[in-house]
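One file, entry.txt, carrying compact mmCIF, C-alpha atoms:
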# COMPACT_ATOMS: atom_id res chain seq x y z
CA MET T 1 -53.46 36.26 -7.20
CA GLU T 2 -52.30 34.59 -3.99
CA SER T 3 -49.25 36.09 -2.34
CA PRO T 4 -46.13 33.90 -2.37
CA LYS T 5 -44.73 32.57 0.87
CA PRO T 6 -42.18 34.94 2.43
CA LEU T 7 -38.60 33.91 1.70
CA PRO T 8 -35.33 35.18 3.15
CA PRO T 9 -34.10 38.20 1.17
CA ILE T 10 -31.37 37.53 -1.38
CA SER T 11 -28.43 39.84 -0.85
CA GLY T 12 -28.19 42.45 -3.58
CA ARG T 13 -31.55 41.58 -5.13
CA GLY T 14 -34.91 43.29 -4.78
CA ALA T 15 -37.48 40.59 -5.51
CA PRO T 16 -37.92 38.03 -2.72
CA THR T 17 -39.27 35.42 -5.17
CA ASN T 18 -39.15 34.34 -8.79
CA LEU T 19 -42.90 34.31 -9.24
CA ARG T 20 -43.99 32.78 -12.55
CA PRO T 21 -46.12 34.86 -14.99
CA THR T 22 -49.45 33.03 -14.88
CA ARG T 23 -51.03 35.49 -17.34
CA THR T 24 -49.01 33.92 -20.16
CA GLY T 25 -49.81 30.32 -19.24
CA SER T 26 -46.53 29.63 -17.44
CA LEU T 27 -46.79 27.14 -14.61
CA ALA T 28 -45.62 28.12 -11.15
CA HIS T 29 -42.99 25.96 -9.44
CA GLU T 30 -42.65 25.75 -5.68
CA THR T 31 -39.43 24.45 -4.16
CA ASP T 32 -40.01 22.72 -0.83
CA GLY T 33 -37.57 22.49 2.06
CA ASP T 34 -37.00 18.72 1.81
CA TRP T 35 -35.83 19.07 -1.81
CA LEU T 36 -33.53 21.96 -0.86
CA ASP T 37 -32.00 19.88 1.95
CA GLU T 38 -31.30 16.96 -0.39
CA ALA T 39 -29.96 19.18 -3.19
CA GLU T 40 -27.57 20.95 -0.81
CA ALA T 41 -26.37 17.66 0.66
CA ILE T 42 -25.62 16.23 -2.79
CA ASP T 43 -24.55 19.25 -4.82
CA GLY T 44 -23.52 21.74 -2.16
CA ALA T 45 -24.88 25.24 -1.63
CA SER T 46 -26.67 26.88 -4.55
CA PRO T 47 -24.43 29.12 -6.65
CA ARG T 48 -24.84 32.86 -6.29
CA LEU T 49 -27.43 34.34 -8.65
CA ARG T 50 -25.55 35.93 -11.55
CA THR T 51 -26.71 38.51 -14.07
CA THR T 52 -26.86 37.30 -17.66
CA VAL T 53 -27.33 39.45 -20.77
CA THR T 54 -28.93 38.22 -23.99
CA VAL T 55 -28.41 40.18 -27.20
CA GLU T 56 -31.65 41.23 -28.87
CA HIS T 57 -31.96 42.45 -32.47
CA PRO T 58 -35.29 44.29 -32.84
CA LYS T 59 -36.40 45.66 -36.19
CA THR T 60 -37.31 49.09 -34.76
CA ILE T 61 -36.20 50.98 -31.67
CA ILE T 62 -38.66 53.87 -31.14
CA ALA T 63 -41.70 52.83 -29.09
CA ARG T 64 -44.85 54.93 -29.49
CA ASN T 65 -47.62 55.60 -26.98
CA SER T 66 -50.81 57.61 -26.80
CA SER T 67 -51.15 57.78 -23.02
CA PRO T 68 -52.69 61.00 -21.67
CA ASP T 69 -50.75 60.51 -18.40
CA ILE T 70 -47.29 61.19 -19.77
CA GLY T 71 -45.87 64.15 -21.62
CA PHE T 72 -44.23 62.39 -24.56
CA ASP T 73 -45.37 60.06 -27.32
CA ARG T 74 -42.13 58.21 -28.09
CA SER T 75 -39.36 56.49 -26.15
CA ILE T 76 -36.38 54.18 -26.45
CA ASN T 77 -35.50 51.30 -24.14
CA PRO T 78 -31.89 50.20 -24.74
CA TYR T 79 -32.43 47.24 -22.39
CA ARG T 80 -35.14 44.87 -21.21
CA GLY T 81 -35.10 44.08 -17.52
CA CYS T 82 -33.19 46.18 -15.00
CA GLU T 83 -30.38 45.18 -12.67
CA HIS T 84 -31.24 47.94 -10.21
CA GLY T 85 -33.75 45.44 -8.80
CA CYS T 86 -36.32 47.95 -7.53
CA VAL T 87 -39.03 45.75 -6.09
CA TYR T 88 -41.77 48.26 -6.95
CA CYS T 89 -40.84 48.60 -10.64
CA TYR T 90 -44.02 48.72 -12.74
CA ALA T 91 -42.03 47.42 -15.76
CA ARG T 92 -41.47 44.03 -14.16
CA PRO T 93 -44.52 42.41 -15.84
CA THR T 94 -42.96 42.98 -19.29
CA HIS T 95 -40.68 40.00 -18.64
CA ALA T 96 -43.77 37.78 -18.64
CA PHE T 97 -43.95 38.18 -22.42
CA HIS T 98 -40.63 36.30 -22.61
CA ASP T 99 -42.06 33.59 -20.32
CA LEU T 100 -39.66 34.81 -17.66
CA SER T 101 -40.46 35.79 -14.11
CA PRO T 102 -41.16 39.45 -13.28
CA GLY T 103 -39.35 38.59 -10.04
CA LEU T 104 -35.67 37.66 -9.93
CA ASP T 105 -35.54 36.99 -13.69
CA PHE T 106 -36.41 40.63 -14.39
CA GLU T 107 -33.35 41.88 -12.52
CA SER T 108 -30.91 39.08 -13.44
CA ARG T 109 -31.83 37.88 -16.95
CA LEU T 110 -31.43 41.02 -19.04
CA PHE T 111 -31.66 41.82 -22.75
CA ALA T 112 -29.46 44.36 -24.55
CA LYS T 113 -30.08 46.02 -27.93
CA PRO T 114 -26.64 46.87 -29.36
CA ASP T 115 -28.17 47.90 -32.70
CA ALA T 116 -30.20 50.67 -31.03
CA ALA T 117 -28.19 53.63 -32.37
CA GLN T 118 -28.13 52.23 -35.91
CA LEU T 119 -31.88 51.59 -35.81
CA LEU T 120 -32.51 55.06 -34.42
CA ARG T 121 -30.47 56.67 -37.19
CA ARG T 122 -32.51 54.77 -39.76
CA GLU T 123 -35.84 55.78 -38.22
CA LEU T 124 -34.90 59.44 -37.84
CA ALA T 125 -33.81 59.50 -41.48
CA LYS T 126 -37.21 58.39 -42.79
CA ARG T 127 -38.98 60.93 -44.94
CA GLY T 128 -41.79 62.56 -43.04
CA TYR T 129 -40.34 61.97 -39.57
CA THR T 130 -41.51 64.78 -37.28
CA PRO T 131 -39.35 65.45 -34.20
CA ALA T 132 -40.79 65.62 -30.69
CA PRO T 133 -39.21 64.95 -27.27
CA LEU T 134 -38.01 61.35 -27.04
CA ALA T 135 -37.70 59.71 -23.62
CA ILE T 136 -35.13 57.27 -22.25
CA GLY T 137 -35.59 55.54 -18.92
CA THR T 138 -39.36 55.43 -18.70
CA ASN T 139 -39.58 51.62 -18.70
CA THR T 140 -36.20 50.35 -17.55
CA ASP T 141 -33.21 52.48 -16.59
CA GLY T 142 -30.87 53.28 -19.47
CA TYR T 143 -28.09 53.81 -16.91
CA GLN T 144 -28.38 50.51 -15.06
CA PRO T 145 -25.04 48.80 -14.24
CA ILE T 146 -24.62 46.94 -17.55
CA GLU T 147 -24.55 50.27 -19.43
CA ARG T 148 -20.98 50.62 -18.16
CA GLU T 149 -19.87 47.78 -20.47
CA TRP T 150 -22.42 48.02 -23.27
CA GLY T 151 -22.64 51.79 -23.74
CA ILE T 152 -25.89 51.53 -25.70
CA THR T 153 -27.53 54.51 -24.03
CA ARG T 154 -24.54 56.71 -24.84
CA SER T 155 -24.59 55.61 -28.49
CA VAL T 156 -28.29 56.53 -28.72
CA ILE T 157 -27.71 59.94 -27.12
CA GLY T 158 -24.86 60.47 -29.55
CA VAL T 159 -27.26 60.15 -32.49
CA LEU T 160 -29.76 62.49 -30.84
CA ALA T 161 -27.05 65.06 -30.13
CA GLU T 162 -25.77 64.83 -33.70
CA THR T 163 -29.23 65.38 -35.16
CA LYS T 164 -30.24 67.99 -32.55
CA HIS T 165 -33.24 65.93 -31.49
CA PRO T 166 -34.94 66.80 -28.14
CA LEU T 167 -34.46 64.27 -25.33
CA LEU T 168 -35.91 63.51 -21.89
CA ILE T 169 -33.99 61.24 -19.50
CA THR T 170 -35.29 59.61 -16.33
CA THR T 171 -32.81 57.71 -14.16
CA LYS T 172 -31.92 56.82 -10.61
CA SER T 173 -28.22 56.52 -11.42
CA ASP T 174 -25.31 58.93 -11.37
CA ARG T 175 -23.78 56.97 -14.26
CA LEU T 176 -25.26 59.53 -16.64
CA LEU T 177 -22.46 61.89 -15.58
CA ARG T 178 -20.22 59.86 -17.89
CA ASP T 179 -22.21 61.42 -20.74
CA LEU T 180 -22.08 64.97 -19.40
CA ASP T 181 -20.21 66.09 -22.51
CA LEU T 182 -23.17 65.16 -24.72
CA LEU T 183 -25.83 66.34 -22.27
CA SER T 184 -24.27 69.75 -21.67
CA ALA T 185 -23.85 70.30 -25.42
CA MET T 186 -27.53 69.48 -25.94
CA ALA T 187 -28.47 71.77 -23.05
CA ARG T 188 -26.86 74.73 -24.79
CA ASP T 189 -29.44 74.30 -27.57
CA ASN T 190 -32.30 73.62 -25.13
CA LEU T 191 -32.62 70.01 -26.27
CA ILE T 192 -32.46 68.13 -22.97
CA GLY T 193 -34.34 67.66 -19.70
CA VAL T 194 -33.28 65.22 -16.95
CA ALA T 195 -35.23 63.74 -14.04
CA VAL T 196 -33.27 62.02 -11.27
CA SER T 197 -35.39 59.75 -9.10
CA VAL T 198 -34.87 59.77 -5.32
CA THR T 199 -37.14 57.41 -3.39
CA SER T 200 -35.61 57.56 0.07
CA LEU T 201 -32.68 59.20 1.84
CA ASP T 202 -32.45 56.31 4.31
CA PRO T 203 -29.69 53.91 3.20
CA ALA T 204 -31.37 50.97 4.93
CA ILE T 205 -34.63 51.53 3.04
CA ALA T 206 -32.85 52.18 -0.26
CA ARG T 207 -30.68 49.07 0.12
CA THR T 208 -33.71 46.76 0.27
CA LEU T 209 -36.09 48.74 -1.94
CA GLU T 210 -33.69 49.36 -4.87
CA PRO T 211 -30.61 47.28 -3.98
CA ARG T 212 -28.39 47.88 -7.02
CA ALA T 213 -29.21 51.52 -7.64
CA PRO T 214 -26.60 54.11 -6.59
CA HIS T 215 -26.82 55.57 -3.08
CA PRO T 216 -29.34 58.45 -2.86
CA ARG T 217 -26.56 60.89 -1.94
CA ARG T 218 -24.76 60.06 -5.18
CA ARG T 219 -27.93 60.88 -7.11
CA LEU T 220 -28.22 64.23 -5.34
CA ALA T 221 -24.59 64.95 -6.16
CA ALA T 222 -25.39 64.12 -9.79
CA ILE T 223 -28.20 66.70 -9.75
CA ARG T 224 -25.70 69.34 -8.60
CA GLN T 225 -23.19 68.45 -11.33
CA LEU T 226 -25.88 68.45 -14.01
CA ILE T 227 -27.17 71.85 -12.88
CA ASP T 228 -23.63 73.24 -12.75
CA ALA T 229 -23.14 72.03 -16.34
CA GLY T 230 -26.29 73.86 -17.44
CA VAL T 231 -28.48 70.75 -17.83
CA PRO T 232 -32.10 71.39 -16.65
CA THR T 233 -32.68 68.78 -13.94
CA GLN T 234 -35.60 67.93 -11.70
CA VAL T 235 -36.00 65.53 -8.80
CA ASN T 236 -38.57 62.78 -9.20
CA ILE T 237 -39.81 61.58 -5.80
CA SER T 238 -40.90 58.24 -7.12
CA PRO T 239 -42.49 56.13 -6.04
CA ILE T 240 -43.94 57.44 -2.82
CA ILE T 241 -44.90 54.44 -0.66
CA PRO T 242 -47.34 55.11 2.18
CA ALA T 243 -45.95 54.29 5.64
CA ILE T 244 -42.56 53.41 4.12
CA THR T 245 -41.20 56.52 2.39
CA ASP T 246 -43.96 59.16 2.52
CA HIS T 247 -42.51 60.69 5.69
CA GLU T 248 -39.47 61.77 3.64
CA ILE T 249 -41.26 63.97 1.09
CA GLU T 250 -40.25 67.28 2.65
CA ALA T 251 -36.69 66.13 3.43
CA ILE T 252 -36.08 64.94 -0.13
CA MET T 253 -37.50 68.19 -1.47
CA LYS T 254 -35.10 70.23 0.67
CA VAL T 255 -31.91 68.37 -0.21
CA ALA T 256 -32.89 68.31 -3.90
CA SER T 257 -33.43 72.06 -3.76
CA ASP T 258 -30.06 72.49 -2.06
CA ALA T 259 -28.56 70.46 -4.94
CA GLY T 260 -30.06 72.92 -7.41
CA ALA T 261 -33.01 70.95 -8.83
CA ILE T 262 -35.32 73.34 -10.67
CA ARG T 263 -38.47 71.26 -10.41
CA ALA T 264 -40.06 68.35 -8.51
CA SER T 265 -42.48 65.64 -9.56
CA TYR T 266 -43.82 62.48 -7.93
CA ILE T 267 -45.64 59.23 -8.61
CA LEU T 268 -47.45 57.09 -6.06
CA VAL T 269 -46.42 53.44 -5.94
CA ARG T 270 -48.06 51.33 -8.67
CA LEU T 271 -48.51 47.54 -8.37
CA PRO T 272 -49.67 46.15 -11.73
CA HIS T 273 -50.07 42.42 -12.34
CA GLU T 274 -47.21 40.41 -10.79
CA VAL T 275 -45.73 43.43 -9.00
CA ALA T 276 -48.43 43.32 -6.30
CA PRO T 277 -47.59 39.83 -4.94
CA LEU T 278 -43.86 40.57 -5.21
CA PHE T 279 -44.35 43.77 -3.21
CA ARG T 280 -46.44 41.93 -0.64
CA ALA T 281 -43.66 39.36 -0.26
CA TRP T 282 -41.13 42.18 0.11
CA LEU T 283 -43.23 43.76 2.85
CA ALA T 284 -43.52 40.42 4.65
CA ALA T 285 -39.75 40.01 4.52
CA HIS T 286 -38.70 43.54 5.50
CA TYR T 287 -41.66 45.23 7.22
CA PRO T 288 -43.88 42.52 8.74
CA ASP T 289 -44.89 44.93 11.52
CA ARG T 290 -46.66 47.29 9.11
CA ALA T 291 -47.35 45.18 6.01
CA ASP T 292 -51.12 45.21 6.51
CA LYS T 293 -51.15 48.97 7.17
CA VAL T 294 -49.18 49.69 4.00
CA MET T 295 -51.45 47.60 1.82
CA HIS T 296 -54.60 49.08 3.36
CA MET T 297 -53.33 52.57 2.56
CA ILE T 298 -52.37 51.59 -0.99
CA GLN T 299 -55.79 50.04 -1.55
CA ASP T 300 -57.44 53.18 -0.24
CA ILE T 301 -55.43 55.17 -2.81
CA ARG T 302 -56.28 52.67 -5.55
CA GLY T 303 -60.05 52.47 -5.09
CA GLY T 304 -60.02 49.32 -2.97
CA ARG T 305 -57.60 47.38 -5.19
CA ASP T 306 -53.87 46.75 -5.19
CA ASN T 307 -53.59 48.67 -8.45
CA ASP T 308 -55.60 51.16 -10.47
CA PRO T 309 -54.71 50.96 -14.20
CA ASN T 310 -57.04 53.76 -15.32
CA PHE T 311 -55.78 56.81 -17.18
CA GLY T 312 -56.01 59.97 -15.12
CA THR T 313 -55.76 58.28 -11.70
CA ARG T 314 -53.08 55.60 -12.01
CA MET T 315 -50.16 57.98 -11.35
CA LYS T 316 -51.55 60.09 -8.49
CA GLY T 317 -54.34 57.97 -6.97
CA THR T 318 -57.58 59.05 -5.31
CA GLY T 319 -58.95 59.37 -1.80
CA ILE T 320 -57.81 61.03 1.40
CA TRP T 321 -54.25 59.65 1.46
CA ALA T 322 -53.62 60.55 -2.17
CA ASN T 323 -54.98 64.05 -1.61
CA LEU T 324 -52.82 64.52 1.49
CA ILE T 325 -49.66 63.42 -0.32
CA ARG T 326 -50.48 65.65 -3.29
CA ALA T 327 -50.95 68.65 -0.99
CA ARG T 328 -47.66 67.96 0.82
CA VAL T 329 -45.72 67.65 -2.44
CA LYS T 330 -47.18 70.88 -3.81
CA ARG T 331 -46.54 72.80 -0.61
CA ALA T 332 -42.94 71.59 -0.29
CA ALA T 333 -42.22 72.29 -3.95
CA ARG T 334 -43.61 75.80 -3.60
CA GLU T 335 -41.59 76.47 -0.44
CA HIS T 336 -38.36 75.40 -2.14
CA GLY T 337 -39.00 77.07 -5.48
CA MET T 338 -39.41 73.78 -7.35
CA ASP T 339 -42.93 74.30 -8.66
CA ARG T 340 -41.67 75.60 -12.01
CA ARG T 341 -41.88 73.95 -15.42
CA PHE T 342 -39.07 72.80 -17.64
CA PRO T 343 -38.36 75.23 -20.46
CA PRO T 344 -39.96 73.83 -23.65
CA LEU T 345 -37.51 71.70 -25.60
CA ARG T 346 -36.70 72.86 -29.12
CA CYS T 347 -37.78 70.73 -32.06
CA ASP T 348 -36.97 73.24 -34.80
CA LEU T 349 -33.23 72.47 -34.80
CA PHE T 350 -33.65 68.85 -35.89
CA ARG T 351 -31.69 67.79 -38.93
CA PRO T 352 -32.17 64.24 -40.29
CA PRO T 353 -29.11 61.99 -40.13
CA GLU T 354 -27.17 60.84 -43.13
CA ARG T 355 -28.72 58.27 -45.45
CA ASP T 356 -26.37 56.27 -47.64
CA GLY T 357 -23.61 58.77 -46.97
CA GLN T 358 -25.72 61.80 -47.91
CA MET T 359 -27.23 64.30 -45.52
CA GLU T 360 -31.01 64.37 -45.90
CA LEU T 361 -31.89 67.78 -47.32
CA PHE T 362 -35.65 67.51 -47.77
Can you dump the structure from the file as structure tokens?
Amino acid sequence: MESPKPLPPISGRGAPTNLRPTRTGSLAHETDGDWLDEAEAIDGASPRLRTTVTVEHPKTIIARNSSPDIGFDRSINPYRGCEHGCVYCYARPTHAFHDLSPGLDFESRLFAKPDAAQLLRRELAKRGYTPAPLAIGTNTDGYQPIEREWGITRSVIGVLAETKHPLLITTKSDRLLRDLDLLSAMARDNLIGVAVSVTSLDPAIARTLEPRAPHPRRRLAAIRQLIDAGVPTQVNISPIIPAITDHEIEAIMKVASDAGAIRASYILVRLPHEVAPLFRAWLAAHYPDRADKVMHMIQDIRGGRDNDPNFGTRMKGTGIWANLIRARVKRAAREHGMDRRFPPLRCDLFRPPERDGQMELF
């Protein structure tokens, strides 16, 4: 796929373009400068890009997977799209299935599932349901800015806490501290594990790479508060981007350790489908001096391609750069005592929710 022409960055947004999803038959539209001049002369400057939220009413809420690369087989996504606007987000291509752009549409045209808790209660109450750790935040962040008004993630966690169902949360937001009452209660029964993602400690990098995510220092402060409340919390150095953020591995590990994180994990940057041209455009806009170097290193990690979708290698990569990063992460984690595992989450405490006003007994 040909890279889009570099455009000036849009303040507060991660994607430099609104690239159309050609995989689904959508036609790309290119706006030329002459048209923009005429439109501005007639109608004035373009209005600021606003976030819109569309209500979605799915029939089920638990998504299943059989991937050998991740340690859970079920997850919940309270939202589609993510206002954090992380340009590298591997979930961006999912917007193509709505005939929307994985670019600016993904971070500004969002979908919310207000029935999520009700659907979850119904699915957990089904006869034969077997509990296992359920993940939130693996596709889009359950604690993105719109959660403040919608509260869907909290309602889902409320059902899981009530039924004593094990939960894994991944986020790059300190907004989860709002739910510390639920999380700490679950932690007392060993039902919760949290991963807080920190990509860079440099505010300038973070501001362009993940423009609407909370400042990295706020995330580190959240790790400390979670640990102090007894919630097992790890730092997720993700994604690591060669020649952009990889020099910060050891520094992130140290400050996360100082914050009390009990474990560290990482993922190398992934560029599936439309994410690759968006990332290339982002590099051209923000790092033109090293754009070629970054992509050469990524392609070396990904077997000569922009992305490697294969199980077993897609998360950690292959080759000399991948091996070097892996060795650095392991060494830093060992030095800071963050090479431990999470304590196994309990599944034996699960009790099905009420059905028709009656607690499920069998």
**Request:** Would you be able to write out as a list in words which residues have an atom within 10 Å of (-34.9, 58.8, -37.8) in the file's coordinates, counting all atoms listed in the file?
**Result:** Ile62, Gln118, Leu119, Leu120, Arg121, Arg122, Glu123, Leu124, Ala125, Lys126, Arg127, Gly128, Tyr129, Thr130, Pro131, Val159, Leu160, Thr163, His165, Arg351, Pro352, Pro353, Glu354 and Arg355 of chain T
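A straight line drawn from CA of Pro211 (chain T) to CA of Leu271 (chain T) is 18.4 Å long.
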Quick one: residues within 7 Å of region 247-253 of chain T, only C-alpha atoms counted, chain neighbours fewer than 3 positions away excluded, as a CSV table (one decimal) with C-alpha atoms, in the coordinates of the input?
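So selection.csv came out as:
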chain,number,residue,atom,x,y,z
T,200,SER,CA,-35.6,57.6,0.1
T,201,LEU,CA,-32.7,59.2,1.8
T,256,ALA,CA,-32.9,68.3,-3.9
T,257,SER,CA,-33.4,72.1,-3.8
T,329,VAL,CA,-45.7,67.6,-2.4
T,332,ALA,CA,-42.9,71.6,-0.3
T,333,ALA,CA,-42.2,72.3,-4.0
**Request:** Point out the residue among T:Gln234, T:Asp202, T:Pro272, T:Asp246 with the least atom-to-atom distance to Ile169 (chain T), counting all atoms listed in the file.
**Result:**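 Of T:Gln234, T:Asp202, T:Pro272, T:Asp246, the one nearest Ile169 (chain T), counting all atoms listed in the file, is T:Gln234.
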With region 78-85 of chain T as the partner and 9 Å as the cut-off, tabulate the residues of region 185-239 of chain T that qualify, each row holding the nearest pair of atoms and their distance in Å to one decimal, using only C-alpha atoms, sorted by chain and rising number, as CSV.
residue,atom,partner,partner_atom,distance
T:Leu209,CA,T:Gly85,CA,8.0
T:Glu210,CA,T:Gly85,CA,5.6
T:Pro211,CA,T:Gly85,CA,6.0
T:Arg212,CA,T:His84,CA,4.3
T:Ala213,CA,T:His84,CA,4.9
T:Pro214,CA,T:His84,CA,8.5
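Of the residues listed (T:Phe106, T:Val194, T:Ile262, T:His273), T:His273 shows the shortest atom-to-atom separation from Asp308 (chain T); distances use only C-alpha atoms.
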**Message:** Excluding Phe111 (chain T) and its own-chain neighbours fewer than 2 positions away, which residues fall within 12 Å of it when counting all atoms listed in the file? Please give them as a PyMOL selection string.
**Reply:** chain T and resi 51-58+77-83+94-95+98+100+105-109+113-114+140+142+146-147+150+152
Let me see the file: selected residues, C-alpha atoms, as a tab-separated table (two decimals), in the coordinates of the input.
chain	number	residue	atom	x	y	z
T	51	THR	CA	-26.71	38.51	-14.07
T	52	THR	CA	-26.86	37.30	-17.66
T	53	VAL	CA	-27.33	39.45	-20.77
T	54	THR	CA	-28.93	38.22	-23.99
T	55	VAL	CA	-28.41	40.18	-27.20
T	56	GLU	CA	-31.65	41.23	-28.87
T	57	HIS	CA	-31.96	42.45	-32.47
T	58	PRO	CA	-35.29	44.29	-32.84
T	77	ASN	CA	-35.50	51.30	-24.14
T	78	PRO	CA	-31.89	50.20	-24.74
T	79	TYR	CA	-32.43	47.24	-22.39
T	80	ARG	CA	-35.14	44.87	-21.21
T	81	GLY	CA	-35.10	44.08	-17.52
T	82	CYS	CA	-33.19	46.18	-15.00
T	83	GLU	CA	-30.38	45.18	-12.67
T	94	THR	CA	-42.96	42.98	-19.29
T	95	HIS	CA	-40.68	40.00	-18.64
T	98	HIS	CA	-40.63	36.30	-22.61
T	100	LEU	CA	-39.66	34.81	-17.66
T	105	ASP	CA	-35.54	36.99	-13.69
T	106	PHE	CA	-36.41	40.63	-14.39
T	107	GLU	CA	-33.35	41.88	-12.52
T	108	SER	CA	-30.91	39.08	-13.44
T	109	ARG	CA	-31.83	37.88	-16.95
T	113	LYS	CA	-30.08	46.02	-27.93
T	114	PRO	CA	-26.64	46.87	-29.36
T	140	THR	CA	-36.20	50.35	-17.55
T	142	GLY	CA	-30.87	53.28	-19.47
T	146	ILE	CA	-24.62	46.94	-17.55
T	147	GLU	CA	-24.55	50.27	-19.43
T	150	TRP	CA	-22.42	48.02	-23.27
T	152	ILE	CA	-25.89	51.53	-25.70
**Request:** Go through T:Leu180, T:Ala243, T:Leu104, T:Cys89 and flag the residue nearest Asp292 (chain T), using all atoms listed in the file for the distances.
**Result:**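 Nearest candidate to Asp292 (chain T) out of T:Leu180, T:Ala243, T:Leu104, T:Cys89: T:Ala243.
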**Asked** What is the CA of Pro239 (chain T) to CA of Cys86 (chain T) distance in Å?
**Response**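 Computing it gives 10.4 Å between the two atoms.
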**Message:** Which residue is closest to Leu283 (chain T)? Choose from T:Val87, T:Leu345, T:Arg207, T:Thr199 and count all atoms listed in the file.
**Reply:**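 Between T:Val87, T:Leu345, T:Arg207, T:Thr199, the residue approaching Leu283 (chain T) most closely is T:Val87.
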